[in-house]
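J.: Pasting query_20.csv here (CSV, C-alpha atoms and all ligand atoms):
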chain,number,residue,atom,x,y,z
A,167,MET,CA,0.0,0.0,0.0
A,168,THR,CA,1.2,3.5,-0.7
A,169,ARG,CA,2.3,5.4,2.4
A,170,PRO,CA,1.0,8.9,3.1
A,171,TYR,CA,2.9,11.2,0.7
A,172,LEU,CA,1.0,14.5,1.1
A,173,GLY,CA,1.8,16.9,4.0
A,174,ASN,CA,4.9,18.4,2.7
A,175,PRO,CA,5.2,21.6,0.6
A,176,LYS,CA,6.4,19.9,-2.6
A,177,ASP,CA,3.8,17.2,-3.1
A,178,THR,CA,1.0,19.5,-1.9
A,179,ILE,CA,1.9,22.2,-4.4
A,180,GLU,CA,2.1,19.6,-7.1
A,181,VAL,CA,-1.4,18.4,-6.5
A,182,LEU,CA,-2.7,22.0,-6.3
A,183,HIS,CA,-1.1,22.8,-9.7
A,184,LYS,CA,-2.3,19.6,-11.3
A,185,TYR,CA,-5.9,20.6,-10.6
A,186,ASN,CA,-5.5,24.4,-10.8
A,187,PHE,CA,-7.1,24.5,-7.4
A,188,VAL,CA,-8.3,27.9,-6.3
A,189,PHE,CA,-8.4,28.4,-2.5
A,190,GLN,CA,-11.8,29.4,-1.1
A,191,LYS,CA,-11.3,31.8,1.8
A,192,ARG,CA,-15.0,31.4,2.8
A,193,PHE,CA,-14.4,27.7,3.5
A,194,GLY,CA,-11.4,28.4,5.8
A,195,GLN,CA,-9.0,26.4,3.6
A,196,ASN,CA,-5.5,26.2,5.1
A,197,PHE,CA,-3.8,22.9,4.2
A,198,LEU,CA,-1.3,21.2,6.4
A,199,ILE,CA,2.2,20.8,5.0
A,200,ASP,CA,4.1,19.5,8.0
A,201,PRO,CA,4.5,15.7,8.4
A,202,HIS,CA,5.6,16.1,12.1
A,203,VAL,CA,2.4,17.9,13.0
A,204,LEU,CA,0.3,15.3,11.1
A,205,GLU,CA,2.0,12.5,13.0
A,206,LYS,CA,1.5,14.3,16.3
A,207,ILE,CA,-2.3,14.6,15.5
A,208,ILE,CA,-2.6,10.9,14.6
A,209,LEU,CA,-0.7,9.9,17.7
A,210,SER,CA,-2.6,12.0,20.1
A,211,ALA,CA,-5.9,10.9,18.6
A,212,ASN,CA,-4.9,7.4,19.7
A,213,ILE,CA,-6.3,5.7,16.6
A,214,THR,CA,-6.2,2.0,16.2
A,215,LYS,CA,-7.1,-0.5,13.5
A,216,ASP,CA,-10.4,-1.0,15.3
A,217,ASP,CA,-11.5,2.6,14.9
A,218,PHE,CA,-14.0,4.3,12.7
A,219,VAL,CA,-12.9,7.9,12.2
A,220,LEU,CA,-14.9,10.8,11.1
A,221,GLU,CA,-12.8,13.5,9.4
A,222,ILE,CA,-14.3,17.0,8.9
A,223,GLY,CA,-12.9,18.9,5.9
A,224,PRO,CA,-10.3,16.7,4.3
A,225,GLY,CA,-9.1,19.4,1.9
A,226,ILE,CA,-6.9,17.6,-0.7
A,227,GLY,CA,-6.7,14.5,1.6
A,228,THR,CA,-3.5,15.2,3.4
A,229,MET,CA,-4.6,14.0,6.9
A,230,THR,CA,-7.0,11.5,5.4
A,231,GLN,CA,-4.0,9.5,4.1
A,232,TYR,CA,-2.5,9.3,7.6
A,233,LEU,CA,-5.9,8.4,9.1
A,234,ALA,CA,-6.6,5.7,6.5
A,235,GLU,CA,-3.2,4.1,7.4
A,236,ALA,CA,-4.0,4.2,11.1
A,237,ALA,CA,-7.8,3.4,11.3
A,238,ARG,CA,-10.1,0.6,10.2
A,239,GLU,CA,-12.3,3.0,8.2
A,240,VAL,CA,-12.5,6.7,7.6
A,241,THR,CA,-15.4,8.8,6.4
A,242,ALA,CA,-14.4,12.3,5.4
A,243,VAL,CA,-17.0,15.1,4.9
A,244,GLU,CA,-15.9,18.0,2.5
A,245,ILE,CA,-18.1,20.9,1.6
A,246,ASP,CA,-16.1,22.1,-1.4
A,247,HIS,CA,-17.2,20.1,-4.5
A,248,THR,CA,-14.0,21.2,-6.4
A,249,LEU,CA,-12.0,19.1,-4.0
A,250,ILE,CA,-13.9,15.9,-4.6
A,251,PRO,CA,-12.1,14.9,-7.8
A,252,ILE,CA,-8.8,15.7,-6.1
A,253,LEU,CA,-9.7,13.5,-3.1
A,254,ARG,CA,-10.6,10.6,-5.5
A,255,ASP,CA,-7.1,10.9,-6.9
A,256,THR,CA,-5.1,11.4,-3.7
A,257,LEU,CA,-6.9,8.6,-1.9
A,258,LYS,CA,-7.2,6.1,-4.6
A,259,ASP,CA,-4.7,3.8,-3.0
A,260,TRP,CA,-6.7,3.4,0.2
A,261,ASP,CA,-9.9,1.3,0.1
A,262,ASN,CA,-11.1,2.2,3.6
A,263,VAL,CA,-12.0,5.8,2.9
A,264,ILE,CA,-15.4,7.2,2.0
A,265,ILE,CA,-15.8,10.8,0.9
A,266,ILE,CA,-19.1,12.7,1.4
A,267,ASN,CA,-19.5,16.0,-0.4
A,268,ASP,CA,-21.6,18.0,2.1
A,269,ASP,CA,-21.7,20.5,4.9
A,270,ILE,CA,-20.8,18.8,8.1
A,271,LEU,CA,-23.5,20.7,10.0
A,272,LYS,CA,-26.1,19.1,7.6
A,273,VAL,CA,-24.9,15.5,7.8
A,274,ASP,CA,-26.9,13.1,9.9
A,275,ILE,CA,-23.9,11.9,12.0
A,276,LYS,CA,-26.0,9.6,14.2
A,277,LYS,CA,-27.2,7.7,11.1
A,278,LEU,CA,-23.7,7.6,9.7
A,279,VAL,CA,-22.4,6.2,13.0
A,280,MET,CA,-25.2,3.6,13.1
A,281,GLU,CA,-24.4,2.4,9.6
A,282,LYS,CA,-20.6,2.5,9.8
A,283,ASN,CA,-19.8,1.7,13.5
A,284,ASP,CA,-22.9,-0.1,14.8
A,285,GLY,CA,-23.7,3.0,16.8
A,286,LYS,CA,-20.5,2.7,18.9
A,287,PRO,CA,-18.7,6.0,19.6
A,288,VAL,CA,-16.4,7.2,16.9
A,289,LYS,CA,-13.3,9.3,16.9
A,290,VAL,CA,-13.5,12.7,15.2
A,291,VAL,CA,-10.3,14.1,13.8
A,292,ALA,CA,-9.9,17.4,11.8
A,293,ASN,CA,-8.0,20.4,10.9
A,294,LEU,CA,-11.1,22.5,11.3
A,295,PRO,CA,-12.3,25.4,9.2
A,296,TYR,CA,-11.8,28.1,11.8
A,297,TYR,CA,-15.0,30.1,10.8
A,298,ILE,CA,-17.2,27.3,12.2
A,299,THR,CA,-15.1,25.7,14.9
A,300,THR,CA,-17.6,26.4,17.8
A,301,PRO,CA,-20.8,25.3,16.0
A,302,ILE,CA,-19.1,22.1,14.9
A,303,ILE,CA,-17.8,21.2,18.4
A,304,MET,CA,-21.1,22.2,20.1
A,305,THR,CA,-23.1,20.2,17.6
A,306,LEU,CA,-21.0,17.1,18.3
A,307,PHE,CA,-21.6,17.5,22.0
A,308,GLU,CA,-25.1,19.0,22.4
A,309,LYS,CA,-26.8,16.6,20.0
A,310,LYS,CA,-25.3,13.8,22.1
A,311,LEU,CA,-23.8,12.2,19.1
A,312,PRO,CA,-21.9,9.0,19.7
A,313,VAL,CA,-18.4,10.5,19.9
A,314,ASP,CA,-15.5,9.0,21.9
A,315,SER,CA,-13.0,11.8,21.4
A,316,ILE,CA,-12.4,14.9,19.2
A,317,THR,CA,-8.9,15.7,18.2
A,318,VAL,CA,-8.8,19.0,16.2
A,319,MET,CA,-6.6,21.8,15.0
A,320,VAL,CA,-8.2,25.1,15.9
A,321,GLN,CA,-7.2,28.7,16.3
A,322,LYS,CA,-4.8,29.0,19.3
A,323,GLU,CA,-7.0,31.4,21.2
A,324,VAL,CA,-10.0,29.1,20.8
A,325,ALA,CA,-8.0,26.1,22.1
A,326,ASP,CA,-6.9,28.3,25.1
A,327,ARG,CA,-10.5,29.3,25.8
A,328,MET,CA,-11.6,25.6,25.8
A,329,GLN,CA,-9.0,24.7,28.4
A,330,VAL,CA,-9.0,27.6,31.0
A,331,GLY,CA,-10.7,27.9,34.3
A,332,PRO,CA,-12.5,30.7,36.2
A,333,GLY,CA,-10.9,34.1,36.8
A,334,THR,CA,-9.0,34.2,33.5
A,335,LYS,CA,-9.9,36.5,30.6
A,336,ASP,CA,-10.4,33.7,28.2
A,337,TYR,CA,-12.8,31.9,30.4
A,338,GLY,CA,-16.4,31.9,29.0
A,339,ALA,CA,-19.4,29.9,27.8
A,340,LEU,CA,-17.2,27.8,25.4
A,341,SER,CA,-14.8,26.8,28.3
A,342,LEU,CA,-17.8,25.7,30.4
A,343,ALA,CA,-19.6,23.8,27.6
A,344,VAL,CA,-16.5,22.0,26.5
A,345,GLN,CA,-15.5,21.1,30.1
A,346,TYR,CA,-19.0,19.8,30.9
A,347,TYR,CA,-18.8,17.3,28.1
A,348,ALA,CA,-15.1,16.5,27.8
A,349,LYS,CA,-11.6,16.6,29.3
A,350,PRO,CA,-9.6,19.1,27.1
A,351,GLU,CA,-5.9,18.8,26.6
A,352,ILE,CA,-3.8,21.0,24.2
A,353,VAL,CA,-1.3,18.6,22.6
A,354,ALA,CA,0.6,21.0,20.3
A,355,TYR,CA,0.9,24.6,19.3
A,356,VAL,CA,1.3,25.0,15.5
A,357,PRO,CA,2.8,28.1,13.8
A,358,PRO,CA,1.3,29.5,10.5
A,359,ASN,CA,4.2,28.2,8.4
A,360,CYS,CA,2.9,24.7,8.8
A,361,PHE,CA,0.0,25.5,6.4
A,362,ILE,CA,-0.5,26.6,2.8
A,363,PRO,CA,-1.7,29.3,2.6
A,364,ARG,CA,-0.5,30.6,6.0
A,365,PRO,CA,-3.3,31.6,8.4
A,366,LYS,CA,-3.0,35.0,10.0
A,367,VAL,CA,-3.3,33.4,13.5
A,368,GLY,CA,-1.5,30.8,15.5
A,369,SER,CA,-3.1,27.3,15.8
A,370,ALA,CA,-3.2,24.5,18.3
A,371,VAL,CA,-4.2,20.9,18.4
A,372,ILE,CA,-6.6,20.1,21.2
A,373,ARG,CA,-7.9,16.7,22.2
A,374,LEU,CA,-11.3,16.5,23.9
A,375,GLU,CA,-12.0,13.2,25.5
A,376,ARG,CA,-15.6,12.8,26.1
A,377,TYR,CA,-16.7,12.0,29.7
A,378,ASP,CA,-19.0,9.0,30.1
A,379,LYS,CA,-20.7,11.1,32.7
A,380,PRO,CA,-20.3,14.9,33.1
A,381,PRO,CA,-18.2,16.0,36.1
A,382,VAL,CA,-21.1,17.8,37.7
A,383,SER,CA,-24.7,16.6,38.0
A,384,VAL,CA,-27.5,19.1,37.2
A,385,LYS,CA,-31.3,18.6,37.0
A,386,ASN,CA,-31.8,20.8,33.9
A,387,GLU,CA,-28.8,20.9,31.6
A,388,SER,CA,-30.4,23.3,29.2
A,389,LEU,CA,-31.3,25.8,32.0
A,390,MET,CA,-27.7,25.6,33.2
A,391,PHE,CA,-26.5,26.6,29.7
A,392,LYS,CA,-29.0,29.4,29.6
A,393,ILE,CA,-27.6,30.8,32.9
A,394,ILE,CA,-24.0,30.4,31.5
A,395,ARG,CA,-24.9,32.2,28.3
A,396,ALA,CA,-26.6,35.0,30.2
A,397,SER,CA,-23.7,35.5,32.6
A,398,PHE,CA,-21.2,35.9,29.8
A,399,ASN,CA,-23.4,37.9,27.4
A,400,GLN,CA,-22.9,40.8,29.7
A,401,ARG,CA,-19.4,40.0,31.1
A,402,ARG,CA,-18.9,43.3,32.9
A,403,LYS,CA,-22.2,43.2,34.8
A,404,THR,CA,-22.8,41.5,38.1
A,405,LEU,CA,-24.3,38.0,37.9
A,406,LEU,CA,-27.6,39.3,39.5
A,407,ASN,CA,-28.0,41.9,36.8
A,408,SER,CA,-26.9,39.7,33.9
A,409,LEU,CA,-29.4,37.0,34.9
A,410,ASN,CA,-32.1,39.6,35.5
A,411,ASN,CA,-31.5,41.3,32.1
A,412,SER,CA,-31.6,38.0,30.1
A,413,SER,CA,-34.6,37.2,28.0
A,414,GLU,CA,-33.8,33.5,28.4
A,415,ILE,CA,-34.1,33.5,32.2
A,416,ASN,CA,-37.6,34.0,33.4
A,417,TYR,CA,-37.2,34.6,37.1
A,418,THR,CA,-37.7,37.9,39.1
A,419,LYS,CA,-34.8,39.7,40.6
A,420,GLU,CA,-36.0,38.6,44.1
A,421,GLU,CA,-36.1,34.9,43.0
A,422,ILE,CA,-32.6,35.2,41.4
A,423,LEU,CA,-31.3,36.7,44.6
A,424,GLN,CA,-33.0,34.0,46.7
A,425,ALA,CA,-31.4,31.2,44.5
A,426,LEU,CA,-27.9,32.8,44.7
A,427,ASN,CA,-28.2,33.2,48.5
A,428,LYS,CA,-29.2,29.5,48.8
A,429,CYS,CA,-26.0,28.6,46.9
A,430,GLY,CA,-23.9,30.9,49.0
A,431,ILE,CA,-22.9,32.9,46.0
A,432,PRO,CA,-22.6,36.7,46.4
A,433,SER,CA,-25.0,38.6,44.1
A,434,ASN,CA,-22.3,41.1,43.1
A,435,ILE,CA,-20.0,38.5,41.7
A,436,ARG,CA,-19.4,38.2,38.0
A,437,GLY,CA,-20.0,35.1,36.0
A,438,GLU,CA,-16.4,34.8,35.0
A,439,ALA,CA,-15.5,33.9,38.7
A,440,LEU,CA,-17.9,30.9,38.9
A,441,THR,CA,-17.0,27.3,38.5
A,442,LEU,CA,-19.0,24.8,36.5
A,443,GLU,CA,-20.2,23.3,39.8
A,444,GLN,CA,-21.5,26.7,40.9
A,445,PHE,CA,-23.5,27.2,37.7
A,446,ALA,CA,-25.0,23.7,38.2
A,447,ASP,CA,-26.0,24.7,41.7
A,448,ILE,CA,-27.7,27.9,40.5
A,449,ALA,CA,-29.6,25.9,37.9
A,450,ASP,CA,-30.7,23.4,40.5
A,451,GLU,CA,-31.9,26.2,42.8
A,452,PHE,CA,-33.9,27.7,39.9
A,453,GLU,CA,-35.5,24.3,39.3
A,454,ASN,CA,-36.4,24.1,43.1
A,455,LEU,CA,-38.0,27.5,42.8
A,456,LYS,CA,-40.0,26.3,39.8
A,457,SER,CA,-41.4,23.3,41.8
A,458,GLN,CA,-42.4,25.7,44.6
A,459,ILE,CA,-44.5,27.9,42.3
A,501,LIG,N1,-7.7,18.6,6.4
A,501,LIG,C1,-7.1,19.4,5.4
A,501,LIG,C2,-5.7,19.6,5.8
A,501,LIG,O1,-5.4,19.5,7.0
A,501,LIG,O2,-4.8,20.0,5.0
A,501,LIG,C3,-7.8,20.7,5.2
A,501,LIG,C4,-8.1,21.5,6.4
A,501,LIG,S1,-8.8,23.1,6.0
A,501,LIG,C5,-8.4,24.0,7.5
A,501,LIG,C6,-10.6,23.0,6.3
A,501,LIG,C7,-11.3,22.1,5.3
A,501,LIG,O3,-12.7,22.1,5.7
A,501,LIG,C8,-11.3,22.7,3.9
A,501,LIG,O4,-11.1,21.7,3.0
A,501,LIG,C9,-12.7,23.2,3.7
A,501,LIG,O5,-13.2,23.2,2.4
A,501,LIG,C10,-13.5,22.3,4.6
A,501,LIG,N2,-14.8,22.8,5.1
A,501,LIG,C11,-15.1,24.1,5.4
A,501,LIG,N3,-16.4,24.2,5.8
A,501,LIG,C12,-16.9,23.0,5.9
A,501,LIG,C13,-18.2,22.4,6.3
A,501,LIG,N4,-19.1,23.2,6.7
A,501,LIG,N5,-18.3,21.1,6.1
A,501,LIG,C14,-17.3,20.3,5.7
A,501,LIG,N6,-16.1,20.7,5.3
A,501,LIG,C15,-15.9,22.1,5.4
As structure tokens, please, write out the structure in this file.
T.:
Amino acid sequence: MTRPYLGNPKDTIEVLHKYNFVFQKRFGQNFLIDPHVLEKIILSANITKDDFVLEIGPGIGTMTQYLAEAAREVTAVEIDHTLIPILRDTLKDWDNVIIINDDILKVDIKKLVMEKNDGKPVKVVANLPYYITTPIIMTLFEKKLPVDSITVMVQKEVADRMQVGPGTKDYGALSLAVQYYAKPEIVAYVPPNCFIPRPKVGSAVIRLERYDKPPVSVKNESLMFKIIRASFNQRRKTLLNSLNNSSEINYTKEEILQALNKCGIPSNIRGEALTLEQFADIADEFENLKSQI
């Protein structure tokens, strides 16, 4: 079998020229040209010959070649139809790869996993298009799709945001959402010269290992995320005012105050100082209030 041969500047440029490929900025196309980074991604994704891997945005098939070598089967979803003939060419030596030409946010991933992996959790690996990093990750988590781990290249700042805790400037709704569903670990920082064309920002590979059970228990998950969103929508306001001003939270100021008091949380605190556990406590107190009404 052919070994992966893309992932270096020479072969990548050759493929791009052969097909007169025109980069589409709107699709966030920055192709990897560094074999060390590719090997690091495959290694940290912990892929074995038992695994079914879902790749998002294969581009010209650079990482797909590495994934096809390491995994049992790969399905790669690419939105740009001009890349499909290129992928057919660059992946012709691997018989365990399927290419789907679609928007990943429109693909029925649950159905795909049922068909391809008997519904067992899959590994997601991608050099993500940066313009939709958050919607992709949140879809994978919130829709409770059968995912074992997500190993992705993202913008460095976004990786930092996913990993930090309370009291830091990067801490926000994304940190809390990711940390509710998964254990994040940044495995590499990747400079712009590892891509063609070079992105304007630094990048990082982050591995999100999904928890079997979230680290905090909460009666109403969706209410907790409403509280989190409300707290960070108005970052500079106190928690009491943020919750009171939010159209998503339908409690009076007195009720909010009562819930915060019960949790032992000062009303003049800002959301950015609260842990995931404290947000879960507030949500549970709101639920208790509801049952008293
Ligand atoms: N995996 C390749 C690599 O590492 O060289 C390409 C990565 S590039 C950063 C992102 C890829 O995602 C591009 O090929 C782009 O066309 C594709 N893409 C962008 N939006 C997408 C979407 N909504 N669904 C599927 N693929 C998408």
J.: Produce a table with one row for each residue of chain A that has an atom at most 8 Å from any atom of ligand LIG 501 (chain A), each row naming the nearest atom pair and its distance in Å at one decimal; use only C-alpha atoms and all ligand atoms; arrange rows by chain and rising residue number; format as a tab-separated table.
T.:
residue	atom	partner	partner_atom	distance
A:Gly173	CA	A:LIG501	O2	7.4
A:Gln190	CA	A:LIG501	O5	7.3
A:Arg192	CA	A:LIG501	C11	7.7
A:Phe193	CA	A:LIG501	C11	4.1
A:Gly194	CA	A:LIG501	C6	5.5
A:Gln195	CA	A:LIG501	S1	4.1
A:Asn196	CA	A:LIG501	C5	4.4
A:Phe197	CA	A:LIG501	O2	3.2
A:Leu198	CA	A:LIG501	O2	4.0
A:Ile199	CA	A:LIG501	O2	7.0
A:Glu221	CA	A:LIG501	N1	7.8
A:Ile222	CA	A:LIG501	N6	5.5
A:Gly223	CA	A:LIG501	O3	3.2
A:Pro224	CA	A:LIG501	N1	3.8
A:Gly225	CA	A:LIG501	O4	3.2
A:Ile226	CA	A:LIG501	C1	6.4
A:Gly227	CA	A:LIG501	C1	6.2
A:Thr228	CA	A:LIG501	O2	5.2
A:Met229	CA	A:LIG501	O1	5.6
A:Thr230	CA	A:LIG501	N1	7.2
A:Val243	CA	A:LIG501	C14	5.3
A:Glu244	CA	A:LIG501	N6	3.9
A:Ile245	CA	A:LIG501	N6	4.2
A:Asp246	CA	A:LIG501	O5	4.9
A:Leu249	CA	A:LIG501	O4	7.5
A:Asn267	CA	A:LIG501	C14	7.8
A:Asp268	CA	A:LIG501	N5	6.0
A:Asp269	CA	A:LIG501	N5	3.7
A:Ile270	CA	A:LIG501	N5	3.9
A:Leu271	CA	A:LIG501	N4	6.0
A:Ala292	CA	A:LIG501	N1	6.0
A:Asn293	CA	A:LIG501	C4	4.6
A:Leu294	CA	A:LIG501	C5	4.9
A:Pro295	CA	A:LIG501	C6	4.1
A:Tyr296	CA	A:LIG501	C5	6.8
A:Tyr297	CA	A:LIG501	N3	7.9
A:Ile298	CA	A:LIG501	N4	7.1
A:Phe361	CA	A:LIG501	O2	7.4
J.: Excluding Thr404 (chain A) and residues on its chain fewer than 5 positions from it, collect all residues at most 8 Å away from it, counting only C-alpha atoms, and give them as a PDB file with C-alpha atoms, in the frame of the given file.
T.:
ATOM      1  CA  SER A 433     -25.000  38.600  44.100  1.00  0.00           C
ATOM      2  CA  ASN A 434     -22.300  41.100  43.100  1.00  0.00           C
ATOM      3  CA  ILE A 435     -20.000  38.500  41.700  1.00  0.00           C
ATOM      4  CA  ARG A 436     -19.400  38.200  38.000  1.00  0.00           C
ATOM      5  CA  GLY A 437     -20.000  35.100  36.000  1.00  0.00           C
TER       6      GLY A 437
END
J.: Mind pulling up the distance from CA of Ser341 (chain A) to CA of Arg327 (chain A)?
T.: 5.6 Å
J.: Let me make sure I understand: among A:Ala449, A:Leu423, A:Glu308, A:Ile207, which one has the smallest atom-to-atom distance to Tyr355 (chain A) if we use all atoms listed in the file?
T.: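 Ranked by minimum distance to Tyr355 (chain A), first place goes to A:Ile207.
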J.: Quick one: pull the distance between CA of His247 (chain A) and CA of Asn174 (chain A), Å, one decimal.
T.: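 One can read the CA of His247 (chain A) to CA of Asn174 (chain A) distance as 23.3 Å.
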J.: Given all atoms listed in the file as the basis, pick out the residue of A:Lys258, A:Lys366, A:Lys335, A:Arg373 nearest to Lys349 (chain A).
T.: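 So, comparing all the options, the nearest one is A:Arg373.
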J.: If you measure from CA of Ile393 (chain A) to CA of Pro332 (chain A), what distance in Å do you get, rounded to one decimal?
T.: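 Distance between the two atoms: 15.5 Å.
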J.: Nearest to Lys191 (chain A): which of A:Val330, A:Pro363, A:Ile352, A:Lys310 is it, counting all atoms listed in the file?
T.: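 For Lys191 (chain A), the nearest of the given residues is A:Pro363.
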J.: Select, from A:Val371, A:Leu442, A:Ala343, A:Leu311, the residue with the minimum atom-to-atom distance to Ser383 (chain A), counting all atoms listed in the file.
T.: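 Using all atoms listed in the file, Ser383 (chain A) sits closest to A:Leu442.
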J.: Any idea what's packed within 10 Å of Asn410 (chain A), counting all atoms listed in the file, ignoring anything in its chain fewer than 2 positions away? Could you give it as a PyMOL selection string?
T.: chain A and resi 396-397+404-408+412-423
J.: Please determine, counting all atoms listed in the file, which residue among A:Leu342, A:Val288, A:Val320, A:Ala237 has the shortest atom-to-atom distance to Pro365 (chain A).
T.: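 Under the stated criterion, the closest residue is A:Val320.
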